[in-house]
Amino acid sequence: MIKLIVGSKGSGKTKVLIDLVNKAAETSTGSVVCIEKAMNLNFSIKPSVRLVHADDYDINGYDQFYGFICGVLAGNYDITDIFVDGILRIGNRDLDALATMVEKGQGIVKDDVAITLTVSTD
């Protein structure tokens with residue numbers, strides 16, 4: 001399942017995401033992954049969460065992001081949750097391409113994996 005946390009800049013999306021990440025870290029029976037464009041969450045999320053800086057892997061655009069998610073899921077069978085902060089920054093603020101990627105992504109997400117994205121838009 002892919003969930004979106006949508007709101008304007010400064011509306012508290014990242015705070016909601018942090019709470020969800022930390023709750024998942026406490027309750028998950030598998031691995032929790034958090035992907036972000038800017039390294040802002042280092043001290044906000046629990047150390048058991050795998051924090052990934054998208055720029056370290058030169059992820060730029062939704063096609064590269066989709067491939068990266070496929071690789072993450074293929075490389076670790078026990079991932080239960082993937083959280084992404086600032087998906088529009090990764091995808092160059094293209095809302096139509098985001099919609100296409102979310103639709104395409106529904107096909108790779110298994111029932112036991114939840115993906116949550118923050119989307120900064122009105």
# chains A, B, ... in the order shown; residues from 1 in each chain; ligands from 1

call {"tool": "residues_around", "arguments": {"residues": "A:Arg93", "least_positions_apart": "4", "cutoff": "10 Å", "atoms": "only C-alpha atoms", "output": "CSV table (one decimal) with all heavy atoms, in the first residue's frame"}}
result
chain,number,residue,atom,x,y,z
A,61,GLY,N,14.8,12.0,-10.1
A,61,GLY,CA,13.7,11.6,-10.9
A,61,GLY,C,13.0,10.4,-10.4
A,61,GLY,O,13.5,9.6,-9.7
A,86,GLY,N,9.8,14.3,1.3
A,86,GLY,CA,10.1,15.2,0.2
A,86,GLY,C,10.2,14.5,-1.1
A,86,GLY,O,11.2,14.8,-1.9
A,87,ILE,N,9.2,13.7,-1.5
A,87,ILE,CA,9.3,13.0,-2.8
A,87,ILE,C,9.3,14.0,-3.9
A,87,ILE,O,9.9,13.7,-5.0
A,87,ILE,CB,8.1,12.0,-2.9
A,87,ILE,CG1,8.3,11.1,-4.1
A,87,ILE,CG2,6.8,12.7,-2.9
A,87,ILE,CD1,9.4,10.2,-4.1
A,88,LEU,N,8.7,15.1,-3.8
A,88,LEU,CA,8.7,16.0,-5.0
A,88,LEU,C,10.1,16.6,-5.2
A,88,LEU,O,10.4,16.9,-6.4
A,88,LEU,CB,7.7,17.2,-4.7
A,88,LEU,CG,6.2,16.8,-4.9
A,88,LEU,CD1,5.3,18.1,-4.7
A,88,LEU,CD2,5.9,16.2,-6.3
A,89,ARG,N,10.9,16.7,-4.2
A,89,ARG,CA,12.3,17.2,-4.4
A,89,ARG,C,13.1,16.1,-5.2
A,89,ARG,O,14.0,16.4,-6.0
A,89,ARG,CB,12.9,17.5,-3.1
A,89,ARG,CG,12.4,18.9,-2.5
A,89,ARG,CD,13.1,19.2,-1.3
A,89,ARG,NE,12.3,18.5,-0.2
A,89,ARG,CZ,12.8,18.2,1.0
A,89,ARG,NH1,14.0,18.5,1.3
A,89,ARG,NH2,12.0,17.6,1.8
A,97,ALA,N,4.1,13.2,-13.1
A,97,ALA,CA,5.0,12.0,-13.0
A,97,ALA,C,4.9,11.3,-11.7
A,97,ALA,O,5.0,10.1,-11.7
A,97,ALA,CB,6.4,12.5,-13.3
A,98,LEU,N,4.6,12.0,-10.6
A,98,LEU,CA,4.5,11.4,-9.3
A,98,LEU,C,3.3,10.5,-9.3
A,98,LEU,O,3.3,9.3,-8.9
A,98,LEU,CB,4.3,12.5,-8.2
A,98,LEU,CG,4.0,11.9,-6.8
A,98,LEU,CD1,5.1,11.0,-6.3
A,98,LEU,CD2,3.7,13.0,-5.9
A,119,VAL,N,4.2,14.8,0.5
A,119,VAL,CA,4.1,15.6,-0.8
A,119,VAL,C,3.8,17.0,-0.4
A,119,VAL,O,2.8,17.3,0.2
A,119,VAL,CB,3.0,15.0,-1.7
A,119,VAL,CG1,2.9,15.8,-2.9
A,119,VAL,CG2,3.2,13.6,-2.0
A,120,SER,N,4.7,17.9,-0.7
A,120,SER,CA,4.6,19.3,-0.3
A,120,SER,C,3.9,20.1,-1.5
A,120,SER,O,4.6,20.5,-2.4
A,120,SER,CB,5.9,19.9,0.0
A,120,SER,OG,6.0,20.5,1.2
A,121,THR,N,2.6,20.2,-1.4
A,121,THR,CA,1.9,20.9,-2.4
A,121,THR,C,0.5,21.4,-1.9
A,121,THR,O,0.1,20.8,-0.9
A,121,THR,CB,1.7,20.1,-3.7
A,121,THR,OG1,1.2,20.9,-4.8
A,121,THR,CG2,0.8,18.9,-3.5

call {"tool": "closest_atom_pairs", "arguments": {"of": "stretch 63-102 of chain A", "to": "stretch 29-37 of chain A", "cutoff": "10 Å", "atoms": "only C-alpha atoms", "output": "Markdown table"}}
result
| residue | atom | partner | partner_atom | distance |
| --- | --- | --- | --- | --- |
| A:Ile69 | CA | A:Ile35 | CA | 9.7 |
| A:Val72 | CA | A:Val33 | CA | 9.0 |
| A:Asn76 | CA | A:Ser31 | CA | 8.3 |
| A:Tyr77 | CA | A:Gly30 | CA | 8.8 |
| A:Asp78 | CA | A:Gly30 | CA | 5.0 |
| A:Ile79 | CA | A:Ser31 | CA | 4.4 |
| A:Thr80 | CA | A:Gly30 | CA | 5.6 |
| A:Asp81 | CA | A:Val32 | CA | 4.9 |
| A:Ile82 | CA | A:Val33 | CA | 4.7 |
| A:Phe83 | CA | A:Cys34 | CA | 4.6 |
| A:Val84 | CA | A:Ile35 | CA | 4.7 |
| A:Asp85 | CA | A:Glu36 | CA | 4.9 |
| A:Gly86 | CA | A:Lys37 | CA | 6.5 |
| A:Ile87 | CA | A:Lys37 | CA | 7.8 |
| A:Leu88 | CA | A:Lys37 | CA | 9.5 |
| A:Arg89 | CA | A:Lys37 | CA | 6.8 |
| A:Ile90 | CA | A:Lys37 | CA | 6.4 |

call {"tool": "atom_distance", "arguments": {"atom1": "atom CA of A:Val6", "atom2": "atom CA of A:Ser28"}}
result
24.0 Å

call {"tool": "select_by_dssp", "arguments": {"residues": "stretch 7-108 of chain A", "states": "alpha helix (DSSP H)", "output": "ChimeraX atom specification"}}
result
/A:13-27,62-75,87-90,95-105

call {"tool": "residues_around", "arguments": {"residues": "A:Ala114", "least_positions_apart": "2", "cutoff": "8 Å", "atoms": "only C-alpha atoms", "output": "PyMOL selection string"}}
result
chain A and resi 1-3+80-82+109+111-112+116

call {"tool": "closest_residue", "arguments": {"among": "A:Ala24, A:Ile18, A:Leu4, A:Ile59", "to": "A:Phe43", "atoms": "only C-alpha atoms"}}
result
A:Ile18

call {"tool": "decode", "arguments": {"residues": "stretch 26-58 of chain A", "atoms": "N, CA and C atoms", "output": "mmCIF file, in the first residue's frame"}}
result
data_model
loop_
_atom_site.group_PDB
_atom_site.id
_atom_site.type_symbol
_atom_site.label_atom_id
_atom_site.label_comp_id
_atom_site.auth_asym_id
_atom_site.auth_seq_id
_atom_site.Cartn_x
_atom_site.Cartn_y
_atom_site.Cartn_z
ATOM 1 N N GLU A 26 9.100 0.836 16.536
ATOM 2 C CA GLU A 26 8.760 0.153 17.791
ATOM 3 C C GLU A 26 7.926 -1.104 17.564
ATOM 4 N N THR A 27 7.060 -1.096 16.560
ATOM 5 C CA THR A 27 6.092 -2.183 16.406
ATOM 6 C C THR A 27 6.414 -3.158 15.273
ATOM 7 N N SER A 28 7.294 -2.792 14.368
ATOM 8 C CA SER A 28 7.569 -3.624 13.202
ATOM 9 C C SER A 28 8.297 -4.907 13.600
ATOM 10 N N THR A 29 7.940 -5.980 12.916
ATOM 11 C CA THR A 29 8.646 -7.245 13.119
ATOM 12 C C THR A 29 9.759 -7.418 12.091
ATOM 13 N N GLY A 30 9.944 -6.392 11.235
ATOM 14 C CA GLY A 30 10.984 -6.433 10.219
ATOM 15 C C GLY A 30 11.788 -5.150 10.217
ATOM 16 N N SER A 31 12.218 -4.747 9.034
ATOM 17 C CA SER A 31 13.054 -3.562 8.892
ATOM 18 C C SER A 31 12.224 -2.362 8.452
ATOM 19 N N VAL A 32 12.628 -1.186 8.935
ATOM 20 C CA VAL A 32 11.991 0.076 8.575
ATOM 21 C C VAL A 32 13.045 0.926 7.880
ATOM 22 N N VAL A 33 12.671 1.511 6.723
ATOM 23 C CA VAL A 33 13.583 2.323 5.922
ATOM 24 C C VAL A 33 12.989 3.715 5.784
ATOM 25 N N CYS A 34 13.826 4.734 5.906
ATOM 26 C CA CYS A 34 13.402 6.115 5.698
ATOM 27 C C CYS A 34 14.351 6.751 4.684
ATOM 28 N N ILE A 35 13.773 7.275 3.599
ATOM 29 C CA ILE A 35 14.557 7.902 2.534
ATOM 30 C C ILE A 35 14.248 9.386 2.537
ATOM 31 N N GLU A 36 15.301 10.205 2.479
ATOM 32 C CA GLU A 36 15.086 11.651 2.437
ATOM 33 C C GLU A 36 16.058 12.294 1.480
ATOM 34 N N LYS A 37 15.656 13.419 0.925
ATOM 35 C CA LYS A 37 16.495 14.174 -0.009
ATOM 36 C C LYS A 37 17.539 14.984 0.760
ATOM 37 N N ALA A 38 17.099 15.673 1.789
ATOM 38 C CA ALA A 38 18.006 16.473 2.623
ATOM 39 C C ALA A 38 18.185 15.751 3.954
ATOM 40 N N MET A 39 19.393 15.687 4.438
ATOM 41 C CA MET A 39 19.660 14.972 5.692
ATOM 42 C C MET A 39 19.231 15.825 6.890
ATOM 43 N N ASN A 40 17.954 15.760 7.214
ATOM 44 C CA ASN A 40 17.411 16.525 8.332
ATOM 45 C C ASN A 40 16.912 15.657 9.469
ATOM 46 N N LEU A 41 16.760 14.372 9.247
ATOM 47 C CA LEU A 41 16.095 13.505 10.223
ATOM 48 C C LEU A 41 17.053 12.691 11.078
ATOM 49 N N ASN A 42 18.350 12.905 10.959
ATOM 50 C CA ASN A 42 19.341 12.093 11.677
ATOM 51 C C ASN A 42 19.030 11.907 13.151
ATOM 52 N N PHE A 43 18.651 12.973 13.827
ATOM 53 C CA PHE A 43 18.471 12.912 15.271
ATOM 54 C C PHE A 43 17.014 12.792 15.677
ATOM 55 N N SER A 44 16.104 12.725 14.706
ATOM 56 C CA SER A 44 14.679 12.675 15.003
ATOM 57 C C SER A 44 14.099 11.270 14.977
ATOM 58 N N ILE A 45 14.760 10.373 14.276
ATOM 59 C CA ILE A 45 14.225 9.016 14.181
ATOM 60 C C ILE A 45 15.108 8.039 14.951
ATOM 61 N N LYS A 46 14.506 6.930 15.310
ATOM 62 C CA LYS A 46 15.202 5.925 16.116
ATOM 63 C C LYS A 46 16.372 5.318 15.327
ATOM 64 N N PRO A 47 17.450 4.985 16.029
ATOM 65 C CA PRO A 47 18.642 4.444 15.358
ATOM 66 C C PRO A 47 18.412 3.109 14.649
ATOM 67 N N SER A 48 17.358 2.389 15.006
ATOM 68 C CA SER A 48 17.096 1.103 14.350
ATOM 69 C C SER A 48 16.556 1.269 12.936
ATOM 70 N N VAL A 49 16.133 2.481 12.582
ATOM 71 C CA VAL A 49 15.602 2.748 11.246
ATOM 72 C C VAL A 49 16.759 2.972 10.286
ATOM 73 N N ARG A 50 16.690 2.341 9.118
ATOM 74 C CA ARG A 50 17.709 2.539 8.091
ATOM 75 C C ARG A 50 17.414 3.873 7.413
ATOM 76 N N LEU A 51 18.267 4.863 7.633
ATOM 77 C CA LEU A 51 18.100 6.193 7.060
ATOM 78 C C LEU A 51 18.947 6.293 5.794
ATOM 79 N N VAL A 52 18.309 6.631 4.678
ATOM 80 C CA VAL A 52 18.974 6.686 3.384
ATOM 81 C C VAL A 52 18.902 8.110 2.857
ATOM 82 N N HIS A 53 20.051 8.636 2.475
ATOM 83 C CA HIS A 53 20.125 9.964 1.876
ATOM 84 C C HIS A 53 20.096 9.782 0.363
ATOM 85 N N ALA A 54 19.024 10.221 -0.287
ATOM 86 C CA ALA A 54 18.836 9.993 -1.723
ATOM 87 C C ALA A 54 19.989 10.550 -2.547
ATOM 88 N N ASP A 55 20.549 11.670 -2.135
ATOM 89 C CA ASP A 55 21.646 12.267 -2.895
ATOM 90 C C ASP A 55 22.906 11.404 -2.888
ATOM 91 N N ASP A 56 23.089 10.575 -1.862
ATOM 92 C CA ASP A 56 24.243 9.677 -1.824
ATOM 93 C C ASP A 56 24.209 8.667 -2.966
ATOM 94 N N TYR A 57 23.013 8.391 -3.473
ATOM 95 C CA TYR A 57 22.847 7.418 -4.550
ATOM 96 C C TYR A 57 22.468 8.093 -5.867
ATOM 97 N N ASP A 58 22.574 9.414 -5.900
ATOM 98 C CA ASP A 58 22.308 10.210 -7.100
ATOM 99 C C ASP A 58 20.929 9.918 -7.688
#
